[in-house]
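Enquirer: One structure, pasted below without further comment.
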Amino acid sequence: MLDPITLEVVRNRLQYLTQEMSAAIVKTAVSPVVSEARDFSCMLYDADGHIVATAATVPFHFGVSADAIAVVRERFAGRIVPGDVFLANDPHDGGGLHLQDVVVMRPIFRNRTRIGWASTSGHMIDMGGLVPGGFAPNARECYQEGVRVPPTRILRAGEPVDDVWNLILNNVRQRETVEMDLRSLVAGTHVASEKVCELEAEVGPPAFRQALREIRGLSARVVRRRIRELPTGEYVEQGWAEFDDEAFLVRCRLRVGDGMLEFDYTGSSPQCPYFFNSKPHIVRSELVVRLHQLLAADVPFTDGVLAPVRVVAPEGSIVNARPPAPVAAAHMHVALLAMELGETCLKKALACALPRGGLASRQRRITAPGGTTGMGLSSWHGRTHDGTAETFLVMDGNAVGAGACSDRDGIDMTGSDYGGPGLVYPDVETVEQTYPVLYLYKRLRPDAGGAGRFRGGASVDAAFVLHGTDGLEGTTLGMRKAVPLPGLFGG
C-alpha cells in the first residue's frame, strides 16, 4: 500500500492538472458558450479508462465521457498509438449527452506503454441539422438533427486526420468557431498528456499505478459504505415530460441493497418522435452526480461513484430509445426528469435511515426537487451589422432555482440543490459584444420561491432586444407547462 503522503500528493496533482486542462480550453476557445459559460468538462483516467480526477461546470459529462472511452478501447483495440486523439458525439453510438456536446479523448503514453487517458467534452455552437444551434423540436428522426460522429480518430500519431476534420466541419454552421472550439478541447487533452507523463516520471511508474488504484478504491469504499447505511427496500416515483399538449410518463423504482443502487425505469412511455428521447448511459451519468452530491460530496469523484449504480431501462422506451429516434435533447427533458425521480427516491431512502453519526449530516442535504426540469433555453440565429452569421445560445435559461430544505431556503440561479459546479453565465457585456442583442435587464426574479417558511431559490429574470440586426430566427425550449414541479414530504 502506498504511503498516504505520496497518495495525497498524486491525487492533488491530478486534480490541479484538470484545472490546467480547463485553463488551456478557456484560452483557446472562441465561443462564449465554451470560453465564458464554460460549458465543458475535463477528466483523467487510468490506463483502463477508469476515472481518477475530474473538473467541470457540467459534471453530467463525467459518466458519458467514461462510456465513450470504453467504446474507443473496444473498437480500436490493438490499433491505438501515441498521439492518437478520438472524437464522438452520437448518443446512439458511443457519444456524449447530445450531438452538440462533443467528447474528445486522448490515450496517454510513456514511450509505447499506455499509462492513462484524458478527455474533454464541450458544447459546440452548432453541429448541423435542421436549425442553427442543433436543438430541433421539429426533427422526427436523428438523421435530421446534425452530423452524428461515432468514436472516430481525428489525430493519428499526432497528425490531424484532415479528411475527418473536413467531413465534420463541412456539415456545421460557423465552421471557424466550431473548429477553434474543437481544437481547444484537443489542446486540453494535450496539456493532460504532457503533465501526466511528468507526474509519472516524478513518482515512478509503480507508485503512480498504485496511487491511481487507491484513489479509485477509497472513493468506492466510502460510497458503498454510505449506501449500506440506507434501509434496504424499494422506493417509487413517477412524473411526466411534456411536449405541447402531450405528456410522457417516466417511472422510477429504486432498489437499495448490498451496497448497490438499481434505478429501474420499467413502465416508462415508449420512445416518441420528439427530440428528448434518452439513453440509459445518459440517465446514469446524470444520476451519479446527484448521488455524489447527496451521499459523498466530501470524496473525489472517481469511477468508484459510478460502480455501485445500475440503470434498468427497457429498449424502445423513452429512456432507452433506438435509432432513428431523435436525441438532440437526450440530456434534458426526459433524462433530467429521470434523474430528479431517482434523486427523490434516494432522498426518501436517506430520510428513512436512523439519523446517527455522519448520516445525520447527510440527511440535512435532503431538499425538495430542484429546478432542473424547469429550464427554458433558447437559440437565436441571424446576421450582425457586418453581415456575419451568428448563433446565440441564451444560457440564462439554465439559471433556475434549487429546491428548499426543511431548515433553509434553496440556492438562487442553479439547478443543483447543493451548489458546487455549474455554468458560469456570461457577462451581459460579453454577450452584447459578440451577438446582435442589447440587454434591458438581468436580475433575480422576485417572489419565485413559492409560499412557505423556507422557499425555493430564485430564478433569473432577463430581457433583451435586437441590436445591430434586422431580425433573428430562433427556437425556445420550455420543459414545464402544465405539470408543476412537485414538492417533497408534503411540501
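Labels for the C-alpha cells follow display order: chains A, B, ..., residues from 1 in each chain, ligands from 1.
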Let's see if you can do this: from backbone DSSP, list all strand (DSSP E or B) residues in region 57-150 of chain A, as number ranges by chain.

Expert: A: 85-88, 101-110, 113-123

Enquirer: Name the residues in contact with Cys345 (chain A) at a cut-off of 9 Å, using only C-alpha atoms, excluding same-chain residues fewer than 3 positions from it; report them as a list of chain:residue names.

Expert: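 The neighbour list is A:Glu234, A:Tyr235, A:Val236, A:Glu237, A:Cys252, A:Arg253, A:Leu254, A:Glu340, A:Leu341, A:Gly342, A:Lys348, A:Ala349, A:Leu350.
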
Enquirer: May I have the selected residues written with C-alpha atoms, as a PDB file, in the first residue's frame?

Expert:
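The result, stored in part_3.pdb:
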```pdb
ATOM      1  CA  GLU A 234     -37.829  -0.198  -2.895  1.00  0.00           C
ATOM      2  CA  TYR A 235     -38.846   3.420  -3.449  1.00  0.00           C
ATOM      3  CA  VAL A 236     -41.093   4.563  -6.314  1.00  0.00           C
ATOM      4  CA  GLU A 237     -41.661   7.909  -8.059  1.00  0.00           C
ATOM      5  CA  CYS A 252     -38.600   5.125 -11.478  1.00  0.00           C
ATOM      6  CA  ARG A 253     -38.248   2.300  -8.963  1.00  0.00           C
ATOM      7  CA  LEU A 254     -35.120   2.454  -6.776  1.00  0.00           C
ATOM      8  CA  GLU A 340     -34.991  14.016 -10.440  1.00  0.00           C
ATOM      9  CA  LEU A 341     -37.248  10.998  -9.854  1.00  0.00           C
ATOM     10  CA  GLY A 342     -34.268   8.810  -8.959  1.00  0.00           C
ATOM     11  CA  LYS A 348     -36.722   9.067   0.655  1.00  0.00           C
ATOM     12  CA  ALA A 349     -34.354   6.193   1.422  1.00  0.00           C
ATOM     13  CA  LEU A 350     -31.970   8.567   3.183  1.00  0.00           C
TER      14      LEU A 350
END
```

Enquirer: For CA of Ala402 (chain A) and CA of Gly374 (chain A), quote the distance in Å rounded to one decimal.

Expert: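 Computed distance, CA of Ala402 (chain A) to CA of Gly374 (chain A), equals 10.2 Å.
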
Enquirer: Rank A:Gly133, A:Gly357, A:Gly188, A:Gly456 by their smallest atom-to-atom distance to Arg173 (chain A), using only C-alpha atoms, and report the top residue only.

Expert: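 Between A:Gly133, A:Gly357, A:Gly188, A:Gly456, the residue approaching Arg173 (chain A) most closely is A:Gly133.
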
Enquirer: Rank nothing, just name the residue among A:His292, A:Arg213, A:Arg140, A:Arg75 nearest to Tyr45 (chain A), using only C-alpha atoms.

Expert: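 Nearest to Tyr45 (chain A): A:Arg213.
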
Enquirer: Using only C-alpha atoms, pick whichever of A:His467, A:His123, A:Arg310, A:Arg216 has the shortest atom-to-atom distance to Met395 (chain A).

Expert: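 Ranked by minimum distance to Met395 (chain A), first place goes to A:His123.
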
Enquirer: Find the spatial neighbours of Phe392 (chain A), counting only C-alpha atoms, within a cut-off of 12 Å - ignore same-chain residues fewer than 6 positions away - and output them as a VMD selection string.

Expert: chain A and resid 31 to 33 124 to 126 132 to 134 174 377 to 384 426 430 to 437 466 472 to 476

Enquirer: Take the residues from that selection and put them in a file with C-alpha atoms, as a PDB file, in the first residue's frame.

Expert:
```
ATOM      1  CA  SER A  31     -17.364  30.989 -28.488  1.00  0.00           C
ATOM      2  CA  PRO A  32     -18.794  32.464 -25.266  1.00  0.00           C
ATOM      3  CA  VAL A  33     -20.533  29.130 -24.623  1.00  0.00           C
ATOM      4  CA  MET A 124     -20.361  23.274 -29.842  1.00  0.00           C
ATOM      5  CA  ILE A 125     -22.442  26.227 -31.017  1.00  0.00           C
ATOM      6  CA  ASP A 126     -23.641  24.172 -33.985  1.00  0.00           C
ATOM      7  CA  PRO A 132     -28.867  26.628 -36.174  1.00  0.00           C
ATOM      8  CA  GLY A 133     -27.695  25.560 -32.730  1.00  0.00           C
ATOM      9  CA  GLY A 134     -28.911  21.990 -33.094  1.00  0.00           C
ATOM     10  CA  GLN A 174     -19.979  28.820 -38.232  1.00  0.00           C
ATOM     11  CA  LEU A 377     -33.461  27.563 -23.212  1.00  0.00           C
ATOM     12  CA  SER A 378     -33.462  29.443 -26.498  1.00  0.00           C
ATOM     13  CA  SER A 379     -31.188  29.616 -29.529  1.00  0.00           C
ATOM     14  CA  TRP A 380     -31.230  32.576 -31.930  1.00  0.00           C
ATOM     15  CA  HIS A 381     -29.591  32.921 -35.320  1.00  0.00           C
ATOM     16  CA  GLY A 382     -29.134  35.894 -37.618  1.00  0.00           C
ATOM     17  CA  ARG A 383     -26.691  38.302 -39.197  1.00  0.00           C
ATOM     18  CA  THR A 384     -24.853  41.052 -37.379  1.00  0.00           C
ATOM     19  CA  PRO A 426     -21.617  35.062 -19.468  1.00  0.00           C
ATOM     20  CA  THR A 430     -19.574  39.870 -23.330  1.00  0.00           C
ATOM     21  CA  VAL A 431     -22.825  38.687 -24.888  1.00  0.00           C
ATOM     22  CA  GLU A 432     -23.616  42.142 -26.274  1.00  0.00           C
ATOM     23  CA  GLN A 433     -20.120  42.418 -27.742  1.00  0.00           C
ATOM     24  CA  THR A 434     -20.424  39.070 -29.514  1.00  0.00           C
ATOM     25  CA  TYR A 435     -24.063  38.914 -30.570  1.00  0.00           C
ATOM     26  CA  PRO A 436     -26.590  41.404 -32.047  1.00  0.00           C
ATOM     27  CA  VAL A 437     -28.591  41.910 -28.837  1.00  0.00           C
ATOM     28  CA  LEU A 466     -32.287  43.192 -31.125  1.00  0.00           C
ATOM     29  CA  LEU A 472     -33.284  36.776 -35.600  1.00  0.00           C
ATOM     30  CA  GLU A 473     -34.806  33.328 -36.015  1.00  0.00           C
ATOM     31  CA  GLY A 474     -34.855  31.086 -33.004  1.00  0.00           C
ATOM     32  CA  THR A 475     -36.058  28.098 -31.026  1.00  0.00           C
ATOM     33  CA  THR A 476     -37.312  28.257 -27.455  1.00  0.00           C
TER      34      THR A 476
END
```

Enquirer: Show which residues sit within 10 Å of Gln271 (chain A), as a list in words. Count only C-alpha atoms, and ignore same-chain residues fewer than 4 positions away.

Expert: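 Once the nearby chain positions are removed, what remains is Phe248, Phe276, Asn277, Ser278, Glu315, Gly316, Ser317, Ile318, Val319, Asn320, Ala321, Arg322, Pro323, Ala325 and Pro326 of chain A.
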
Enquirer: Compile the contact shell of Asp303 (chain A) as number ranges by chain: residues with an atom at most 9 Å away, counting only C-alpha atoms, same-chain residues fewer than 2 positions apart removed.

Expert: A: 50-52, 63, 66, 216-217, 219-220, 301, 305-307

Enquirer: Restricting it to C-alpha atoms, dump the selection as a short mmCIF file (atom, residue, chain, number, x, y, z; two decimals), in the first residue's frame.

Expert:
```cif
data_model
loop_
_atom_site.label_atom_id
_atom_site.label_comp_id
_atom_site.auth_asym_id
_atom_site.auth_seq_id
_atom_site.Cartn_x
_atom_site.Cartn_y
_atom_site.Cartn_z
CA HIS A 50 -11.38 4.35 -15.04
CA ILE A 51 -12.00 7.91 -13.79
CA VAL A 52 -9.39 9.24 -11.32
CA GLY A 63 -20.26 9.23 -16.91
CA ALA A 66 -16.08 7.39 -19.46
CA ARG A 216 -10.42 4.90 -7.06
CA GLY A 217 -10.63 2.38 -4.25
CA SER A 219 -13.96 6.62 -3.20
CA ALA A 220 -15.58 3.25 -3.94
CA PHE A 301 -15.47 11.89 -7.98
CA VAL A 305 -19.06 6.66 -7.62
CA LEU A 306 -20.26 5.12 -10.89
CA ALA A 307 -19.64 1.48 -9.99
#
```

Enquirer: Write out as an mmCIF file with N, CA and C atoms, in the first residue's frame the residues lying within 10 Å of Leu99 (chain A), counting only C-alpha atoms and excluding same-chain residues fewer than 3 positions away.

Expert:
```
data_model
loop_
_atom_site.group_PDB
_atom_site.id
_atom_site.type_symbol
_atom_site.label_atom_id
_atom_site.label_comp_id
_atom_site.auth_asym_id
_atom_site.auth_seq_id
_atom_site.Cartn_x
_atom_site.Cartn_y
_atom_site.Cartn_z
ATOM 1 N N ALA A 88 -16.232 11.761 -30.455
ATOM 2 C CA ALA A 88 -17.560 11.151 -30.596
ATOM 3 C C ALA A 88 -18.607 12.149 -30.122
ATOM 4 N N ASN A 89 -19.822 12.040 -30.695
ATOM 5 C CA ASN A 89 -20.899 12.922 -30.231
ATOM 6 C C ASN A 89 -22.282 12.299 -30.347
ATOM 7 N N ASP A 90 -22.388 11.047 -30.780
ATOM 8 C CA ASP A 90 -23.691 10.444 -31.057
ATOM 9 C C ASP A 90 -24.185 9.620 -29.870
ATOM 10 N N PRO A 91 -25.252 10.055 -29.178
ATOM 11 C CA PRO A 91 -25.778 9.264 -28.061
ATOM 12 C C PRO A 91 -26.181 7.850 -28.456
ATOM 13 N N HIS A 92 -26.575 7.669 -29.720
ATOM 14 C CA HIS A 92 -26.947 6.335 -30.189
ATOM 15 C C HIS A 92 -25.744 5.436 -30.407
ATOM 16 N N GLY A 95 -21.400 8.094 -28.058
ATOM 17 C CA GLY A 95 -21.145 9.521 -27.913
ATOM 18 C C GLY A 95 -21.527 10.074 -26.562
ATOM 19 N N GLY A 96 -21.722 11.397 -26.492
ATOM 20 C CA GLY A 96 -21.931 12.076 -25.225
ATOM 21 C C GLY A 96 -23.388 12.308 -24.891
ATOM 22 N N VAL A 102 -19.607 17.442 -27.716
ATOM 23 C CA VAL A 102 -18.609 16.579 -28.352
ATOM 24 C C VAL A 102 -17.606 16.100 -27.303
ATOM 25 N N VAL A 103 -17.283 14.818 -27.341
ATOM 26 C CA VAL A 103 -16.290 14.236 -26.432
ATOM 27 C C VAL A 103 -14.986 14.013 -27.197
ATOM 28 N N HIS A 123 -19.634 21.975 -25.392
ATOM 29 C CA HIS A 123 -20.818 22.271 -26.202
ATOM 30 C C HIS A 123 -20.418 23.112 -27.413
ATOM 31 N N MET A 124 -20.627 22.550 -28.615
ATOM 32 C CA MET A 124 -20.361 23.274 -29.842
ATOM 33 C C MET A 124 -21.584 24.116 -30.210
ATOM 34 N N ASP A 126 -22.816 24.772 -32.936
ATOM 35 C CA ASP A 126 -23.641 24.172 -33.985
ATOM 36 C C ASP A 126 -23.005 22.863 -34.422
ATOM 37 N N MET A 127 -23.848 21.861 -34.691
ATOM 38 C CA MET A 127 -23.376 20.609 -35.277
ATOM 39 C C MET A 127 -24.244 20.214 -36.462
ATOM 40 N N GLY A 128 -24.765 21.223 -37.172
ATOM 41 C CA GLY A 128 -25.552 20.961 -38.364
ATOM 42 C C GLY A 128 -27.007 20.659 -38.027
ATOM 43 N N GLY A 129 -27.724 20.111 -38.998
ATOM 44 C CA GLY A 129 -29.110 19.738 -38.783
ATOM 45 C C GLY A 129 -30.096 20.792 -39.240
ATOM 46 N N GLY A 134 -28.749 23.426 -33.251
ATOM 47 C CA GLY A 134 -28.911 21.990 -33.094
ATOM 48 C C GLY A 134 -30.138 21.519 -32.347
ATOM 49 N N PHE A 135 -30.777 22.366 -31.531
ATOM 50 C CA PHE A 135 -31.988 21.937 -30.836
ATOM 51 C C PHE A 135 -33.166 22.085 -31.791
ATOM 52 N N CYS A 142 -33.280 11.106 -35.930
ATOM 53 C CA CYS A 142 -31.942 11.584 -35.564
ATOM 54 C C CYS A 142 -31.162 12.045 -36.790
ATOM 55 N N GLU A 145 -31.016 15.856 -37.223
ATOM 56 C CA GLU A 145 -30.586 16.678 -36.096
ATOM 57 C C GLU A 145 -29.168 17.220 -36.214
ATOM 58 N N GLY A 146 -28.359 16.657 -37.070
ATOM 59 C CA GLY A 146 -26.993 17.140 -37.178
ATOM 60 C C GLY A 146 -26.039 16.036 -37.581
ATOM 61 N N VAL A 147 -24.760 16.376 -37.651
ATOM 62 C CA VAL A 147 -23.753 15.378 -38.016
ATOM 63 C C VAL A 147 -23.485 14.487 -36.806
ATOM 64 N N ARG A 148 -23.676 13.195 -36.994
ATOM 65 C CA ARG A 148 -23.530 12.208 -35.921
ATOM 66 C C ARG A 148 -22.205 11.484 -36.111
ATOM 67 N N VAL A 149 -21.339 11.585 -35.107
ATOM 68 C CA VAL A 149 -19.992 11.020 -35.221
ATOM 69 C C VAL A 149 -19.828 9.908 -34.187
ATOM 70 N N VAL A 327 -32.617 12.552 -30.746
ATOM 71 C CA VAL A 327 -31.983 12.590 -29.422
ATOM 72 C C VAL A 327 -31.208 13.891 -29.193
ATOM 73 N N ALA A 328 -31.573 14.971 -29.909
ATOM 74 C CA ALA A 328 -30.793 16.208 -29.789
ATOM 75 C C ALA A 328 -30.870 16.820 -28.398
ATOM 76 N N ALA A 329 -31.904 16.464 -27.630
ATOM 77 C CA ALA A 329 -32.009 16.920 -26.240
ATOM 78 C C ALA A 329 -32.069 15.705 -25.313
ATOM 79 N N ALA A 330 -31.250 14.709 -25.610
ATOM 80 C CA ALA A 330 -31.271 13.455 -24.841
ATOM 81 C C ALA A 330 -30.892 13.651 -23.386
#
```

Enquirer: Have a look at A:Gln19, A:Thr57, A:Asn171, A:Thr373 and name the one nearest to Glu36 (chain A); count only C-alpha atoms.

Expert: A:Thr57

Enquirer: If we count only C-alpha atoms and set the cut-off at 6 Å, which residues sit around Gly259 (chain A), ignoring sequence neighbours fewer than 6 positions away in its own chain? Please answer as a PyMOL selection string.

Expert: chain A and resi 224+227-228

Enquirer: List every residue of region 44-149 of chain A that DSSP, applied to the backbone, labels as alpha helix (DSSP H), and write the result as a list in words.

Expert: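 These are the residues in question: His61, Phe62, Gly63, Val64, Ser65, Ala66, Asp67, Ala68, Ile69, Ala70, Val71, Val72, Arg73, Glu74 and Arg75 of chain A.
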
Enquirer: If you keep C-alpha atoms, can you produce a file of those selected residues as an mmCIF file, in the first residue's frame?

Expert:
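Produced file out-v9.cif, reproduced below:
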```
data_model
loop_
_atom_site.group_PDB
_atom_site.id
_atom_site.type_symbol
_atom_site.label_atom_id
_atom_site.label_comp_id
_atom_site.auth_asym_id
_atom_site.auth_seq_id
_atom_site.Cartn_x
_atom_site.Cartn_y
_atom_site.Cartn_z
ATOM 1 C CA HIS A 61 -20.390 14.838 -18.726
ATOM 2 C CA PHE A 62 -18.443 12.521 -16.403
ATOM 3 C CA GLY A 63 -20.264 9.232 -16.907
ATOM 4 C CA VAL A 64 -20.904 9.569 -20.642
ATOM 5 C CA SER A 65 -17.267 10.504 -21.305
ATOM 6 C CA ALA A 66 -16.080 7.393 -19.461
ATOM 7 C CA ASP A 67 -18.533 5.325 -21.528
ATOM 8 C CA ALA A 68 -17.165 6.872 -24.742
ATOM 9 C CA ILE A 69 -13.619 5.871 -23.790
ATOM 10 C CA ALA A 70 -14.817 2.322 -23.102
ATOM 11 C CA VAL A 71 -16.225 2.172 -26.651
ATOM 12 C CA VAL A 72 -12.973 3.530 -28.123
ATOM 13 C CA ARG A 73 -10.914 0.956 -26.229
ATOM 14 C CA GLU A 74 -13.136 -1.844 -27.525
ATOM 15 C CA ARG A 75 -13.406 -0.751 -31.170
#
```

Enquirer: Which residues of region 164-283 of chain A sit at most 12 Å from region 483-489 of chain A, using only C-alpha atoms? Give each one's shortest atom pair and distance in Å (one decimal place), in chain and ascending residue order, as CSV.

Expert:
```
residue,atom,partner,partner_atom,distance
A:Glu237,CA,A:Pro486,CA,10.8
A:Gln238,CA,A:Pro486,CA,10.5
A:Gly239,CA,A:Val483,CA,8.7
A:Trp240,CA,A:Val483,CA,7.3
A:Ala241,CA,A:Val483,CA,8.4
A:Glu242,CA,A:Val483,CA,7.9
A:Phe243,CA,A:Val483,CA,11.1
A:Asp244,CA,A:Val483,CA,11.7
A:Asp245,CA,A:Val483,CA,10.8
A:Glu246,CA,A:Val483,CA,11.0
A:Ala247,CA,A:Val483,CA,8.9
A:Phe248,CA,A:Val483,CA,11.2
A:Leu249,CA,A:Val483,CA,11.6
```

Enquirer: What is the distance, in Å and to one decimal place, between CA of Leu444 (chain A) and CA of Tyr425 (chain A)?

Expert: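 About the pair CA of Leu444 (chain A) and CA of Tyr425 (chain A): they are 13.2 Å apart.
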
Enquirer: For Gly376 (chain A), which of A:Arg364, A:Lys481, A:His281, A:Arg453 is the closest residue, counting only C-alpha atoms?

Expert: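 That would be A:Lys481, the residue with the smallest distance to Gly376 (chain A).
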